[in-house]
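Trainee: Please find one structure pasted underneath; my questions will follow.
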Amino acid sequence: MSKHVSVNTTVCNEYQKLLEESRRALEIWNQHREVALDSCVIKQEAGDELQSLQAKFAKAYTVLQNHAHNCALCQLVARIEGRDSENDLADTVPDNTLYV
(Lines give C-alpha, C1' and ligand atoms only; values in the text may rest on other atoms or scores of the structure.)
Protein backbone atom coordinates (compact mmCIF):
# COMPACT_ATOMS: atom_id res chain seq x y z
CA MET A 1 0.00 0.00 0.00
CA SER A 2 1.35 3.39 -0.88
CA LYS A 3 2.20 6.01 1.72
CA HIS A 4 -0.60 8.43 0.84
CA VAL A 5 -3.24 5.73 1.21
CA SER A 6 -2.06 5.06 4.74
CA VAL A 7 -2.23 8.76 5.61
CA ASN A 8 -5.64 9.27 4.00
CA THR A 9 -7.13 6.20 5.64
CA THR A 10 -5.68 7.16 9.01
CA VAL A 11 -7.01 10.71 8.81
CA CYS A 12 -10.36 10.32 7.03
CA ASN A 13 -12.71 7.57 8.18
CA GLU A 14 -15.06 8.10 5.23
CA TYR A 15 -12.20 7.63 2.78
CA GLN A 16 -11.26 4.37 4.55
CA LYS A 17 -14.86 3.12 4.35
CA LEU A 18 -15.18 3.99 0.66
CA LEU A 19 -11.78 2.49 -0.14
CA GLU A 20 -12.77 -0.79 1.52
CA GLU A 21 -16.11 -0.85 -0.35
CA SER A 22 -14.30 -0.28 -3.63
CA ARG A 23 -11.74 -3.00 -2.91
CA ARG A 24 -14.47 -5.43 -1.82
CA ALA A 25 -16.47 -4.79 -5.01
CA LEU A 26 -13.33 -5.29 -7.10
CA GLU A 27 -12.50 -8.54 -5.29
CA ILE A 28 -16.01 -9.94 -5.80
CA TRP A 29 -15.97 -8.98 -9.48
CA ASN A 30 -12.54 -10.58 -9.98
CA GLN A 31 -13.60 -13.80 -8.22
CA HIS A 32 -16.69 -14.17 -10.39
CA ARG A 33 -14.73 -13.30 -13.51
CA GLU A 34 -12.17 -16.02 -12.73
CA VAL A 35 -14.92 -18.62 -12.27
CA ALA A 36 -16.52 -17.60 -15.56
CA LEU A 37 -13.20 -17.70 -17.42
CA ASP A 38 -12.35 -21.12 -15.94
CA SER A 39 -15.60 -22.55 -17.24
CA CYS A 40 -14.57 -21.66 -20.82
CA VAL A 41 -18.17 -20.96 -21.77
CA ILE A 42 -19.77 -17.83 -20.44
CA LYS A 43 -23.53 -18.10 -20.51
CA GLN A 44 -25.69 -15.02 -20.90
CA GLU A 45 -26.71 -15.12 -17.23
CA ALA A 46 -23.08 -15.26 -16.06
CA GLY A 47 -22.15 -12.46 -18.46
CA ASP A 48 -24.98 -10.32 -17.11
CA GLU A 49 -23.83 -10.97 -13.55
CA LEU A 50 -20.24 -10.04 -14.42
CA GLN A 51 -21.42 -6.84 -16.04
CA SER A 52 -23.48 -6.01 -12.96
CA LEU A 53 -20.52 -6.67 -10.64
CA GLN A 54 -18.26 -4.56 -12.85
CA ALA A 55 -20.80 -1.73 -12.65
CA LYS A 56 -20.91 -2.03 -8.85
CA PHE A 57 -17.14 -1.73 -8.70
CA ALA A 58 -17.14 1.24 -11.10
CA LYS A 59 -19.75 2.98 -8.96
CA ALA A 60 -17.84 2.31 -5.72
CA TYR A 61 -14.60 3.55 -7.29
CA THR A 62 -16.30 6.68 -8.63
CA VAL A 63 -17.75 7.45 -5.20
CA LEU A 64 -14.25 7.05 -3.74
CA GLN A 65 -12.79 9.40 -6.37
CA ASN A 66 -15.53 11.97 -5.79
CA HIS A 67 -14.98 11.81 -2.06
CA ALA A 68 -11.22 12.35 -2.41
CA HIS A 69 -11.94 15.31 -4.70
CA ASN A 70 -14.60 16.90 -2.49
CA CYS A 71 -13.43 16.09 1.05
CA ALA A 72 -11.59 19.01 2.65
CA LEU A 73 -9.66 16.63 4.90
CA CYS A 74 -8.49 14.46 1.99
CA GLN A 75 -7.56 17.57 0.01
CA LEU A 76 -5.56 18.88 2.97
CA VAL A 77 -3.66 15.59 3.20
CA ALA A 78 -3.01 15.73 -0.55
CA ARG A 79 -1.65 19.27 -0.32
CA ILE A 80 0.53 18.43 2.68
CA GLU A 81 2.00 15.49 0.77
CA GLY A 82 2.45 17.64 -2.33
CA ARG A 83 0.29 15.53 -4.62
CA ASP A 84 -2.93 15.68 -6.57
CA SER A 85 -5.34 13.31 -4.81
CA GLU A 86 -7.44 12.77 -7.96
CA ASN A 87 -4.48 11.63 -10.05
CA ASP A 88 -2.88 9.57 -7.27
CA LEU A 89 -6.09 7.77 -6.32
CA ALA A 90 -5.51 5.16 -9.03
CA ASP A 91 -2.52 3.97 -6.98
CA THR A 92 -4.95 2.56 -4.39
CA VAL A 93 -6.11 -0.16 -6.81
CA PRO A 94 -3.66 -2.24 -8.84
CA ASP A 95 -3.60 -1.22 -12.52
CA ASN A 96 -3.92 -4.77 -13.81
CA THR A 97 -7.29 -5.24 -12.11
CA LEU A 98 -8.97 -2.10 -13.40
CA TYR A 99 -8.98 -2.87 -17.09
CA VAL A 100 -9.49 -6.60 -17.43
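By convention here, the chains of the C-alpha coordinates are called A, B, ... in the order presented, each chain's residues are numbered starting at 1, and ligands are numbered starting at 1 in the order presented.
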I'd like the contact shell of region 22-30 of chain A - 9 Å cut-off, only C-alpha atoms, skipping same-chain residues fewer than 3 positions apart - returned as a ChimeraX atom specification.
Mentor: /A:17-19,33-35,50-54,56-64,92-93,97-98,100
Trainee: Considering only C-alpha atoms, can you say which of A:Cys12, A:Glu21, A:Ala55, A:Leu37 comes closest to Gln75 (chain A)?
Mentor: A:Cys12
Trainee: State, in Å with one decimal place, the distance from CA of Gln65 (chain A) to CA of Gln31 (chain A).
Mentor: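 Spanning CA of Gln65 (chain A) to CA of Gln31 (chain A) is a straight-line distance of 23.3 Å.
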Trainee: Interatomic distance between CA of Glu14 (chain A) and CA of His32 (chain A)?
Mentor: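 Between CA of Glu14 (chain A) and CA of His32 (chain A) the gap is 27.3 Å.
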Trainee: Show me, as a list in words, the residues that have an atom within 9 Å of Cys71 (chain A) when counting only C-alpha atoms, minus same-chain residues fewer than 5 positions from it.
Mentor: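 The residues satisfying every condition are Cys12, Tyr15, Asn66 and Leu76 of chain A.
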Trainee: Generate the output file for the selected residues, all heavy atoms, as a PDB file, in the first residue's frame.
Mentor:
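Dumped everything to part26.pdb:
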ATOM      1  N   CYS A  12      -8.961  10.171   7.449  1.00  0.00           N
ATOM      2  CA  CYS A  12     -10.357  10.317   7.030  1.00  0.00           C
ATOM      3  C   CYS A  12     -11.074   8.969   7.078  1.00  0.00           C
ATOM      4  O   CYS A  12     -10.831   8.085   6.251  1.00  0.00           O
ATOM      5  CB  CYS A  12     -10.410  10.904   5.614  1.00  0.00           C
ATOM      6  SG  CYS A  12     -12.096  11.157   5.027  1.00  0.00           S
ATOM      7  N   TYR A  15     -13.067   8.114   3.846  1.00  0.00           N
ATOM      8  CA  TYR A  15     -12.195   7.626   2.775  1.00  0.00           C
ATOM      9  C   TYR A  15     -11.884   6.147   2.991  1.00  0.00           C
ATOM     10  O   TYR A  15     -11.947   5.346   2.064  1.00  0.00           O
ATOM     11  CB  TYR A  15     -10.901   8.453   2.734  1.00  0.00           C
ATOM     12  CG  TYR A  15      -9.969   8.067   1.611  1.00  0.00           C
ATOM     13  CD1 TYR A  15     -10.079   8.678   0.367  1.00  0.00           C
ATOM     14  CD2 TYR A  15      -8.985   7.092   1.784  1.00  0.00           C
ATOM     15  CE1 TYR A  15      -9.228   8.330  -0.678  1.00  0.00           C
ATOM     16  CE2 TYR A  15      -8.139   6.745   0.750  1.00  0.00           C
ATOM     17  CZ  TYR A  15      -8.260   7.367  -0.470  1.00  0.00           C
ATOM     18  OH  TYR A  15      -7.424   7.011  -1.498  1.00  0.00           O
ATOM     19  N   ASN A  66     -14.787  10.742  -6.092  1.00  0.00           N
ATOM     20  CA  ASN A  66     -15.526  11.967  -5.792  1.00  0.00           C
ATOM     21  C   ASN A  66     -15.278  12.421  -4.361  1.00  0.00           C
ATOM     22  O   ASN A  66     -15.121  13.610  -4.093  1.00  0.00           O
ATOM     23  CB  ASN A  66     -17.018  11.789  -6.046  1.00  0.00           C
ATOM     24  CG  ASN A  66     -17.347  11.695  -7.513  1.00  0.00           C
ATOM     25  OD1 ASN A  66     -16.577  12.136  -8.371  1.00  0.00           O
ATOM     26  ND2 ASN A  66     -18.481  11.105  -7.827  1.00  0.00           N
ATOM     27  N   LEU A  76      -6.627  18.373   2.112  1.00  0.00           N
ATOM     28  CA  LEU A  76      -5.557  18.883   2.971  1.00  0.00           C
ATOM     29  C   LEU A  76      -4.398  17.897   3.016  1.00  0.00           C
ATOM     30  O   LEU A  76      -3.232  18.280   2.871  1.00  0.00           O
ATOM     31  CB  LEU A  76      -6.086  19.145   4.387  1.00  0.00           C
ATOM     32  CG  LEU A  76      -5.054  19.582   5.421  1.00  0.00           C
ATOM     33  CD1 LEU A  76      -4.439  20.917   5.026  1.00  0.00           C
ATOM     34  CD2 LEU A  76      -5.687  19.650   6.795  1.00  0.00           C
TER      35      LEU A  76
END
Trainee: If I take CA of Arg79 (chain A) and CA of Val11 (chain A), how far is one from the other in Å, to one decimal?
Mentor: 13.6 Å
